[in-house]
>>> print(open('coords-v9.txt').read())   # compact mmCIF, C-alpha atoms
# COMPACT_ATOMS: atom_id res chain seq x y z
CA MET A 20 -49.49 10.33 -40.23
CA LEU A 21 -49.54 9.43 -36.57
CA ARG A 22 -46.38 7.39 -37.06
CA TYR A 23 -44.64 10.24 -38.82
CA LEU A 24 -45.75 12.62 -36.11
CA GLY A 25 -44.48 10.18 -33.48
CA ILE A 26 -41.06 9.97 -35.20
CA ALA A 27 -40.91 13.76 -35.46
CA ALA A 28 -41.85 14.01 -31.78
CA TRP A 29 -39.04 11.60 -30.83
CA ILE A 30 -36.51 13.59 -32.88
CA VAL A 31 -37.60 16.90 -31.34
CA PHE A 32 -37.56 15.36 -27.86
CA LEU A 33 -34.05 13.98 -28.37
CA TRP A 34 -32.83 17.28 -29.78
CA PHE A 35 -34.23 19.08 -26.73
CA LEU A 36 -32.61 16.61 -24.32
CA PHE A 37 -29.25 16.87 -26.14
CA ARG A 38 -29.32 20.67 -25.90
CA LEU A 39 -30.33 20.46 -22.25
CA VAL A 40 -27.48 18.06 -21.44
CA ASP A 41 -24.99 20.29 -23.32
CA ALA A 42 -26.19 23.40 -21.50
CA LEU A 43 -25.98 21.76 -18.07
CA ALA A 44 -22.56 20.28 -18.83
CA ARG A 45 -21.26 23.62 -20.08
CA TRP A 46 -22.55 25.43 -16.98
CA LEU A 47 -21.05 22.85 -14.61
CA SER A 48 -17.72 22.81 -16.49
CA LEU A 49 -17.39 26.59 -16.28
CA ARG A 50 -18.23 26.49 -12.61
CA MET A 51 -15.64 23.77 -11.90
CA THR A 52 -13.02 25.58 -14.01
CA ARG A 53 -13.51 28.81 -12.05
CA ARG A 54 -12.90 26.83 -8.87
CA ALA A 55 -9.78 25.22 -10.42
CA ARG A 56 -11.37 21.76 -10.12
CA TYR A 57 -10.17 20.55 -13.50
CA GLN A 58 -10.67 16.87 -12.74
CA SER A 59 -14.34 17.45 -11.97
CA ALA A 60 -14.65 19.19 -15.35
CA SER A 61 -13.21 16.06 -16.99
CA VAL A 62 -15.79 13.92 -15.19
CA ILE A 63 -18.56 16.18 -16.50
CA VAL A 64 -17.35 15.78 -20.09
CA PHE A 65 -17.24 12.01 -19.71
CA ALA A 66 -20.70 11.89 -18.11
CA ARG A 67 -22.15 14.07 -20.89
CA ARG A 68 -20.95 11.63 -23.54
CA VAL A 69 -22.37 8.63 -21.68
CA ILE A 70 -25.76 10.33 -21.14
CA LYS A 71 -26.02 11.39 -24.80
CA ALA A 72 -25.16 7.87 -25.94
CA GLY A 73 -27.88 6.46 -23.68
CA LEU A 74 -30.40 9.00 -24.97
CA LEU A 75 -29.51 8.12 -28.53
CA VAL A 76 -30.14 4.41 -27.89
CA LEU A 77 -33.41 5.23 -26.13
CA GLY A 78 -34.54 7.43 -29.03
CA ALA A 79 -33.64 4.76 -31.59
CA LEU A 80 -35.73 2.21 -29.70
CA GLY A 81 -38.63 4.65 -29.46
CA ILE A 82 -38.56 5.36 -33.23
CA LEU A 83 -38.42 1.62 -34.02
CA ASP A 84 -41.39 1.03 -31.72
CA THR A 85 -43.32 3.83 -33.49
CA LEU A 86 -42.63 2.19 -36.86
CA GLY A 87 -44.12 -1.07 -35.57
CA PHE A 88 -40.96 -3.13 -34.97
CA ASP A 89 -40.74 -5.58 -32.09
CA VAL A 90 -38.61 -3.62 -29.64
CA THR A 91 -38.60 -6.41 -27.03
CA ALA A 92 -36.57 -8.72 -29.25
CA GLY A 93 -34.24 -5.86 -30.13
CA VAL A 94 -33.69 -5.03 -26.46
CA ALA A 95 -32.91 -8.69 -25.75
CA ALA A 96 -30.47 -8.77 -28.65
CA LEU A 97 -28.84 -5.55 -27.44
CA GLY A 98 -28.52 -7.05 -23.98
CA ILE A 99 -26.80 -10.18 -25.28
CA GLY A 100 -24.63 -8.13 -27.60
CA GLY A 101 -23.73 -5.77 -24.80
CA LEU A 102 -22.76 -8.71 -22.58
CA VAL A 103 -20.54 -10.16 -25.31
CA LEU A 104 -19.01 -6.75 -25.94
CA ALA A 105 -18.39 -6.21 -22.24
CA LEU A 106 -16.66 -9.59 -21.94
CA GLY A 107 -14.54 -8.89 -25.00
CA ALA A 108 -13.62 -5.39 -23.92
CA GLN A 109 -13.19 -6.15 -20.23
CA LYS A 110 -9.88 -4.30 -19.86
CA THR A 111 -11.27 -1.25 -21.68
CA VAL A 112 -14.31 -1.16 -19.40
CA GLU A 113 -12.02 -1.62 -16.40
CA ASN A 114 -9.91 1.35 -17.49
CA LEU A 115 -13.01 3.51 -18.00
CA VAL A 116 -14.27 2.62 -14.53
CA GLY A 117 -10.78 3.36 -13.19
CA THR A 118 -10.86 6.75 -14.91
CA VAL A 119 -14.16 7.60 -13.24
CA SER A 120 -12.73 6.50 -9.87
CA VAL A 121 -9.59 8.61 -10.27
CA LEU A 122 -11.50 11.69 -11.42
CA ALA A 123 -14.20 11.35 -8.76
CA ASP A 124 -11.95 10.48 -5.79
CA ARG A 125 -9.18 12.91 -6.88
CA PRO A 126 -6.19 11.31 -5.11
CA VAL A 127 -3.93 13.27 -7.49
CA LYS A 128 -4.21 16.00 -10.10
CA VAL A 129 -2.07 17.15 -12.99
CA GLY A 130 1.17 18.67 -11.66
CA ASP A 131 1.23 16.68 -8.39
CA VAL A 132 4.39 14.84 -7.36
CA CYS A 133 3.39 11.36 -6.25
CA LYS A 134 4.49 7.77 -5.91
CA VAL A 135 2.29 5.15 -7.55
CA GLY A 136 3.49 1.68 -6.66
CA ASP A 137 7.23 1.91 -7.35
CA VAL A 138 6.92 4.81 -9.83
CA LEU A 139 7.87 8.26 -8.51
CA GLY A 140 7.30 11.38 -10.60
CA THR A 141 4.98 14.21 -11.65
CA ILE A 142 1.50 13.66 -13.05
CA GLU A 143 1.48 15.01 -16.61
CA ASP A 144 -1.92 13.88 -17.86
CA ILE A 145 -4.97 11.94 -16.67
CA GLY A 146 -6.64 10.60 -19.80
CA MET A 147 -9.76 8.53 -20.39
CA ARG A 148 -7.71 5.31 -20.62
CA SER A 149 -4.40 5.91 -18.86
CA THR A 150 -2.36 8.29 -16.72
CA ARG A 151 1.10 9.55 -17.70
CA ILE A 152 3.81 10.18 -15.08
CA ARG A 153 7.08 12.01 -15.74
CA THR A 154 9.74 10.30 -13.60
CA LEU A 155 12.79 11.91 -12.00
CA GLU A 156 14.90 10.48 -14.83
CA ARG A 157 12.64 12.44 -17.25
CA THR A 158 11.08 9.32 -18.74
CA VAL A 159 7.31 8.98 -19.15
CA VAL A 160 5.51 6.02 -17.56
CA THR A 161 1.98 5.27 -18.79
CA ILE A 162 -0.26 3.39 -16.34
CA PRO A 163 -3.75 2.17 -17.34
CA ASN A 164 -6.33 3.81 -15.10
CA GLY A 165 -7.76 0.45 -14.06
CA ASP A 166 -4.34 -0.45 -12.63
CA PHE A 167 -3.69 3.10 -11.43
CA SER A 168 -6.82 3.26 -9.28
CA SER A 169 -6.03 -0.07 -7.60
CA ARG A 170 -2.45 0.83 -6.62
CA GLN A 171 -1.26 2.53 -3.46
CA ILE A 172 -0.91 6.25 -4.28
CA GLU A 173 1.29 8.50 -2.14
CA ASN A 174 0.82 12.21 -2.91
CA TYR A 175 3.81 14.35 -1.89
CA THR A 176 2.29 17.62 -3.09
CA LYS A 177 -0.46 17.51 -0.45
CA ARG A 178 2.14 17.40 2.34
CA GLU A 179 1.68 20.50 4.52
CA ARG A 180 5.00 20.11 6.43
CA PHE A 181 8.25 18.16 6.24
CA LEU A 182 9.68 15.76 8.79
CA PHE A 183 13.08 16.53 10.33
CA ASN A 184 14.29 13.22 11.72
CA GLU A 185 18.07 13.14 11.69
CA THR A 186 20.37 10.95 13.80
CA ILE A 187 23.50 12.74 15.06
CA GLY A 188 26.41 10.57 16.19
CA LEU A 189 28.54 11.93 19.05
CA GLU A 190 31.88 10.59 20.30
CA TYR A 191 32.08 7.89 22.97
CA SER A 192 34.85 9.92 24.65
CA LEU A 193 32.23 12.31 26.06
CA ASP A 194 31.37 12.06 29.73
CA ALA A 195 27.76 12.07 30.89
CA ALA A 196 27.70 15.82 31.66
CA LYS A 197 29.08 16.70 28.23
CA LEU A 198 26.60 14.36 26.57
CA ARG A 199 23.70 16.05 28.36
CA GLU A 200 25.07 19.43 27.26
CA GLY A 201 25.18 18.25 23.64
CA ILE A 202 21.57 17.06 23.75
CA ALA A 203 20.51 20.38 25.34
CA LEU A 204 22.30 22.32 22.56
CA ILE A 205 20.49 20.33 19.87
CA GLU A 206 17.12 20.87 21.59
CA ASP A 207 17.87 24.60 21.88
CA ALA A 208 18.70 24.80 18.15
CA LEU A 209 15.32 23.23 17.35
CA ALA A 210 13.48 25.52 19.77
CA GLN A 211 15.04 28.74 18.47
CA ASN A 212 14.37 28.01 14.81
CA GLU A 213 11.22 29.86 13.78
CA HIS A 214 10.44 27.35 11.04
CA ILE A 215 10.22 24.36 13.42
CA ALA A 216 6.82 23.42 14.84
CA PRO A 217 6.67 23.66 18.65
CA GLU A 218 5.10 20.22 19.03
CA PRO A 219 6.23 17.53 18.61
CA ARG A 220 9.87 18.56 19.01
CA ARG A 221 12.58 16.58 20.80
CA ALA A 222 16.19 15.43 20.82
CA THR A 223 16.96 12.23 22.73
CA LEU A 224 19.71 9.66 23.19
CA ARG A 225 18.25 6.97 20.95
CA TYR A 226 20.76 4.12 21.31
CA PHE A 227 24.41 3.20 21.77
CA ALA A 228 25.69 2.54 18.27
CA ALA A 229 28.80 0.54 17.43
CA ASP A 230 30.90 3.69 16.94
CA SER A 231 28.82 6.61 18.28
CA LEU A 232 26.27 7.88 20.75
CA ALA A 233 23.18 8.22 18.53
CA ILE A 234 21.14 11.37 19.24
CA GLU A 235 17.79 11.27 17.41
CA THR A 236 15.96 14.47 16.49
CA PHE A 237 12.25 14.60 15.73
CA ALA A 238 10.49 17.77 14.56
CA TYR A 239 8.48 19.21 11.67
CA ILE A 240 9.54 21.97 9.27
CA MET A 241 6.54 24.26 8.81
CA THR A 242 6.47 24.74 5.05
CA ALA A 243 4.80 23.01 2.11
CA ASP A 244 7.47 24.03 -0.43
CA PHE A 245 10.12 21.38 -1.05
CA ASP A 246 12.94 23.78 -2.04
CA GLU A 247 12.29 25.96 1.00
CA SER A 248 12.32 22.91 3.27
CA LEU A 249 15.79 21.99 1.95
CA ARG A 250 17.06 25.49 2.74
CA ILE A 251 15.62 25.39 6.27
CA ARG A 252 17.03 21.91 6.84
CA ASN A 253 20.47 23.08 5.67
CA ASP A 254 20.46 26.12 7.99
CA LEU A 255 19.31 24.03 10.94
CA MET A 256 21.98 21.38 10.42
CA LEU A 257 24.69 24.06 10.18
CA ASP A 258 23.39 25.71 13.36
CA ILE A 259 23.56 22.41 15.25
CA TYR A 260 27.06 21.78 13.95
CA GLU A 261 28.29 25.25 15.01
CA ARG A 262 26.77 24.93 18.50
CA LEU A 263 28.40 21.56 19.11
CA GLU A 264 31.70 22.77 17.68
CA ARG A 265 31.80 25.81 20.02
CA ALA A 266 31.09 23.52 22.98
CA GLY A 267 33.96 21.24 22.04
CA ILE A 268 31.67 18.28 21.37
CA GLY A 269 32.94 16.20 18.48
CA PHE A 270 31.08 14.12 15.95
CA ALA A 271 31.80 10.43 15.81
CA PHE A 272 33.08 8.64 12.75
CA PRO A 273 33.55 4.91 12.10
CA THR A 274 36.51 3.72 14.20
CA GLN A 275 37.85 0.46 15.53
CA THR A 276 39.80 -0.15 18.72
CA LEU A 277 42.20 -3.11 18.64
CA TYR A 278 43.35 -4.71 21.92
CA LEU A 279 46.51 -6.89 21.86
CA ARG A 280 47.16 -9.38 24.65
CA LYS A 281 50.12 -11.71 25.06
CA ASP A 282 49.39 -15.22 26.31
CA GLU A 283 51.19 -16.69 29.34
CA THR A 284 53.58 -18.90 27.33
CA GLU A 285 54.83 -16.00 25.24
CA GLN A 286 55.31 -13.87 28.39
CA ALA A 287 57.42 -16.61 30.02
>>> encode(input="coords-v9.txt", output="structure tokens")
Amino acid sequence: MLRYLGIAAWIVFLWFLFRLVDALARWLSLRMTRRARYQSASVIVFARRVIKAGLLVLGALGILDTLGFDVTAGVAALGIGGLVLALGAQKTVENLVGTVSVLADRPVKVGDVCKVGDVLGTIEDIGMRSTRIRTLERTVVTIPNGDFSSRQIENYTKRERFLFNETIGLEYSLDAAKLREGIALIEDALAQNEHIAPEPRRATLRYFAADSLAIETFAYIMTADFDESLRIRNDLMLDIYERLERAGIGFAFPTQTLYLRKDETEQA
């Protein structure tokens, strides 16, 4: 009777722990969902399954011990079997650990535009084994999470501003005063644009190129939306072009100057 009572006690205890784990997981998942932390909710689901599996193994060992079986030998056998299973399913375990790393560290989330290694696209799904990325060519690349977590991940969605770093080539026919005027016009176009951050912001003569005077601009467009940044960039480039055109400052294009010289014999 004591054995039967012990088994019943183990079953009731496991049932209580299962319900407790489900209740806590449900409460945490709802809380994470309300905060739009969907990856944390996925981690909670994964952790709930692992905890319930561990409780089930613990309960099975407790019931076997109540029935009088040698649990020590069983635990040793489970340890050896678990080691063999871990060695045989090494890649699967690696992907599960990678999943936990991705969900816990949260370098990306579903909907983010990112570059993983040499793959550029939008995150469509972060599963328990792999992550799917929709590329710009509309193909789907599936990367195992063990490999995904070990790669260099560049998240474009988390960018809060966009770099404006264009090189403008002016003609070599300009004199020094006209060149200074051109640089001042470009700096003024950057300063008067309300979407350009005040610092850092500059326009400088970067180098003497083979066919142009290279004026480098460096500024930041204050927006996190990619389409809006393209519109601002377009308006700014047109403004610079119009200012230089009104000042009579021309843009350089690839040219070659050929010098012909007669030698002394041919001249004689």
>>> residues_around(input="coords-v9.txt", residues="Thr223 of chain A", least_positions_apart="3", cutoff="9 Å", atoms="all atoms listed in the file", output="list in words")
Ile202, Glu206, Ala233, Ile234, Glu235, Thr236 and Phe237 of chain A
>>> closest_residue(input="coords-v9.txt", among="A:Ala266, A:Val127, A:Ala66, A:Ala216", to="Leu204 of chain A", atoms="only C-alpha atoms")
A:Ala266
>>> residues_around(input="coords-v9.txt", residues="segment 158-173 of chain A", least_positions_apart="4", cutoff="9 Å", atoms="all atoms listed in the file", output="mmCIF file with C-alpha atoms, keeping the file's coordinate frame")
data_model
loop_
_atom_site.group_PDB
_atom_site.id
_atom_site.type_symbol
_atom_site.label_atom_id
_atom_site.label_comp_id
_atom_site.auth_asym_id
_atom_site.auth_seq_id
_atom_site.Cartn_x
_atom_site.Cartn_y
_atom_site.Cartn_z
ATOM 1 C CA LYS A 110 -9.880 -4.300 -19.860
ATOM 2 C CA THR A 111 -11.270 -1.250 -21.680
ATOM 3 C CA VAL A 112 -14.310 -1.160 -19.400
ATOM 4 C CA GLU A 113 -12.020 -1.620 -16.400
ATOM 5 C CA ASN A 114 -9.910 1.350 -17.490
ATOM 6 C CA LEU A 115 -13.010 3.510 -18.000
ATOM 7 C CA VAL A 116 -14.270 2.620 -14.530
ATOM 8 C CA GLY A 117 -10.780 3.360 -13.190
ATOM 9 C CA THR A 118 -10.860 6.750 -14.910
ATOM 10 C CA VAL A 119 -14.160 7.600 -13.240
ATOM 11 C CA SER A 120 -12.730 6.500 -9.870
ATOM 12 C CA VAL A 121 -9.590 8.610 -10.270
ATOM 13 C CA PRO A 126 -6.190 11.310 -5.110
ATOM 14 C CA VAL A 127 -3.930 13.270 -7.490
ATOM 15 C CA VAL A 132 4.390 14.840 -7.360
ATOM 16 C CA CYS A 133 3.390 11.360 -6.250
ATOM 17 C CA LYS A 134 4.490 7.770 -5.910
ATOM 18 C CA VAL A 135 2.290 5.150 -7.550
ATOM 19 C CA GLY A 136 3.490 1.680 -6.660
ATOM 20 C CA VAL A 138 6.920 4.810 -9.830
ATOM 21 C CA GLY A 140 7.300 11.380 -10.600
ATOM 22 C CA GLU A 143 1.480 15.010 -16.610
ATOM 23 C CA ILE A 145 -4.970 11.940 -16.670
ATOM 24 C CA GLY A 146 -6.640 10.600 -19.800
ATOM 25 C CA MET A 147 -9.760 8.530 -20.390
ATOM 26 C CA ARG A 148 -7.710 5.310 -20.620
ATOM 27 C CA SER A 149 -4.400 5.910 -18.860
ATOM 28 C CA THR A 150 -2.360 8.290 -16.720
ATOM 29 C CA ARG A 151 1.100 9.550 -17.700
ATOM 30 C CA ILE A 152 3.810 10.180 -15.080
ATOM 31 C CA ARG A 153 7.080 12.010 -15.740
ATOM 32 C CA THR A 154 9.740 10.300 -13.600
#
>>> atom_distance(input="coords-v9.txt", atom1="atom CA of Asp244 of chain A", atom2="atom CA of Arg180 of chain A")
8.3 Å
>>> atom_distance(input="coords-v9.txt", atom1="atom CA of Thr276 of chain A", atom2="atom CA of Lys197 of chain A")
22.1 Å
>>> closest_residue(input="coords-v9.txt", among="A:Tyr23, A:Phe272, A:Trp46, A:Tyr260", to="Tyr191 of chain A", atoms="all atoms listed in the file")
A:Phe272
>>> closest_residue(input="coords-v9.txt", among="A:Ser192, A:Thr85, A:Gln211, A:Ser231", to="Gly25 of chain A", atoms="only C-alpha atoms")
A:Thr85
>>> residues_around(input="coords-v9.txt", residues="Leu21 of chain A", least_positions_apart="3", cutoff="12 Å", atoms="all atoms listed in the file", output="MDAnalysis selection string")
chainID A and resid 24:28 85:87
>>> atom_distance(input="coords-v9.txt", atom1="atom CA of Trp29 of chain A", atom2="atom CA of Arg45 of chain A")
24.0 Å
>>> closest_residue(input="coords-v9.txt", among="A:Leu47, A:Ile187, A:Leu193, A:Ile30", to="Ala222 of chain A", atoms="all atoms listed in the file")
A:Ile187
>>> closest_residue(input="coords-v9.txt", among="A:Ala42, A:Leu232, A:Leu122, A:Leu77", to="Ile268 of chain A", atoms="only C-alpha atoms")
A:Leu232
